[in-house]
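Student: I'd like to ask some things about the structure below.
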Amino acid sequence: MLKLSLLLLSLLSFSCNCEKKAVEQTNKEMINQDFPISEIYYQSWVAGVRGGGSGIDVHVEFTNELPKDTELKEVQLLNYTSYKVENTEKTKYIARIKTEANEMVLAENPKDEYGNEAPVKNENSLIEGEVLLTFEKNGKAFTQLIQNVKQKEMLAYPSAKPRN
């Protein structure tokens, strides 16, 4: 009976160890998965009318198209997280980030502001020039940190023409 118990215990620990190694291998593959980037930069913008909003657009162009089972889900810059990532061409993406500058309450009753998107702030603040890309592959998320990202000159959209 003792031998049988020891045999079962050793088989159980061996199978758990194999499963642990498989999970570690999968995580290692995800961490080591890099997608070469040919160009990346970010550009701030501000609307030309009071309360029109402001934000940052992060432009990412990969060297090759992302695999079919992989999707760029989120981009983090400084202490902001993107609220939308658009695939504009096969290898080009634009992540939209909303900031607080040029914001104002447009309605007297705060309940009327329902549906307005607020900036998405992050607890983990990145330093200037760092961008964290979050990908999803087969339902699992993994990240890629890009350093030395250049900032282009801010876009100041003109104010609306007066209506006469």
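Residues in the structure tokens are named by chain (A, B, ... in the order shown) and by number from 1 within that chain; ligands are numbered from 1 in the order shown.
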Using only C-alpha atoms, which residues sit within 7 Å of Ala156 in chain A once same-chain residues fewer than 2 positions away are excluded, as a PyMOL selection string?
Tutor: chain A and resi 45-48+154+158
Student: For the residues in that selection, give me N, CA, C and O atoms as a short mmCIF file (atom, residue, chain, number, x, y, z; two decimals), in the first residue's frame.
Tutor:
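Output file selection.cif follows:
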```
data_model
loop_
_atom_site.label_atom_id
_atom_site.label_comp_id
_atom_site.auth_asym_id
_atom_site.auth_seq_id
_atom_site.Cartn_x
_atom_site.Cartn_y
_atom_site.Cartn_z
N TRP A 45 -2.62 66.82 -29.74
CA TRP A 45 -3.50 67.71 -30.49
C TRP A 45 -4.43 68.41 -29.52
O TRP A 45 -4.68 67.94 -28.41
N VAL A 46 -4.90 69.56 -29.95
CA VAL A 46 -5.87 70.32 -29.16
C VAL A 46 -6.87 70.94 -30.12
O VAL A 46 -6.51 71.40 -31.20
N ALA A 47 -8.14 70.90 -29.74
CA ALA A 47 -9.19 71.48 -30.58
C ALA A 47 -9.11 72.99 -30.53
O ALA A 47 -8.67 73.58 -29.54
N GLY A 48 -9.56 73.63 -31.58
CA GLY A 48 -9.50 75.08 -31.67
C GLY A 48 -10.66 75.78 -31.00
O GLY A 48 -10.71 77.00 -30.99
N MET A 154 2.97 69.50 -31.80
CA MET A 154 1.54 69.45 -31.50
C MET A 154 0.70 70.03 -32.63
O MET A 154 1.09 71.02 -33.26
N PRO A 158 -7.66 74.59 -36.02
CA PRO A 158 -8.21 75.95 -36.02
C PRO A 158 -9.63 75.95 -35.44
O PRO A 158 -10.33 74.93 -35.47
#
```
Student: Find the spatial neighbours of Val58 in chain A, counting only C-alpha atoms, within a cut-off of 7 Å - ignore same-chain residues fewer than 2 positions away - and output them as a ChimeraX atom specification.
Tutor: /A:41-43,56,60,94-96
Student: Show which residues sit within 10 Å of Phe35 in chain A, as a ChimeraX atom specification. Count only C-alpha atoms, and ignore same-chain residues fewer than 4 positions away.
Tutor: /A:62-67,144
Student: What does the distance from CA of Gln76 in chain A to CA of Leu155 in chain A come to in Å, to one decimal?
Tutor: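 It comes out at 20.0 Å.
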Student: With a distance cut-off of 10 Å and only C-alpha atoms, select the neighbouring residues of range 134-138 of chain A, excluding the residue or stretch itself and same-chain residues fewer than 6 positions from it, and output the selection as a compact mmCIF listing (two decimals) with C-alpha atoms, in the first residue's frame.
Tutor:
```txt
# COMPACT_ATOMS: atom_id res chain seq x y z
CA MET A 30 4.48 35.30 -25.44
CA GLN A 33 7.21 37.56 -29.16
CA PRO A 67 -0.36 37.49 -37.55
CA LYS A 68 -4.08 36.73 -37.98
CA ASP A 69 -4.45 35.52 -34.36
CA THR A 70 -2.72 38.61 -32.92
CA GLU A 71 -4.31 42.00 -32.30
CA LEU A 72 -2.95 45.30 -30.96
CA LYS A 73 -5.46 45.97 -28.17
CA GLU A 74 -4.11 48.90 -26.18
CA VAL A 75 -1.35 51.50 -26.07
CA GLN A 76 -0.03 53.24 -22.96
CA GLN A 144 6.06 45.07 -25.67
CA LEU A 145 7.85 48.15 -24.28
```
Student: Leaving out Asn148 in chain A and any residue of its chain fewer than 4 positions from it, which residues lie within 10 Å of it when counting only C-alpha atoms, given as a list in words?
Tutor: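 The residues that qualify are Ile40, Tyr41, Ile127, Glu128, Gly129, Glu130 and Val131 of chain A.
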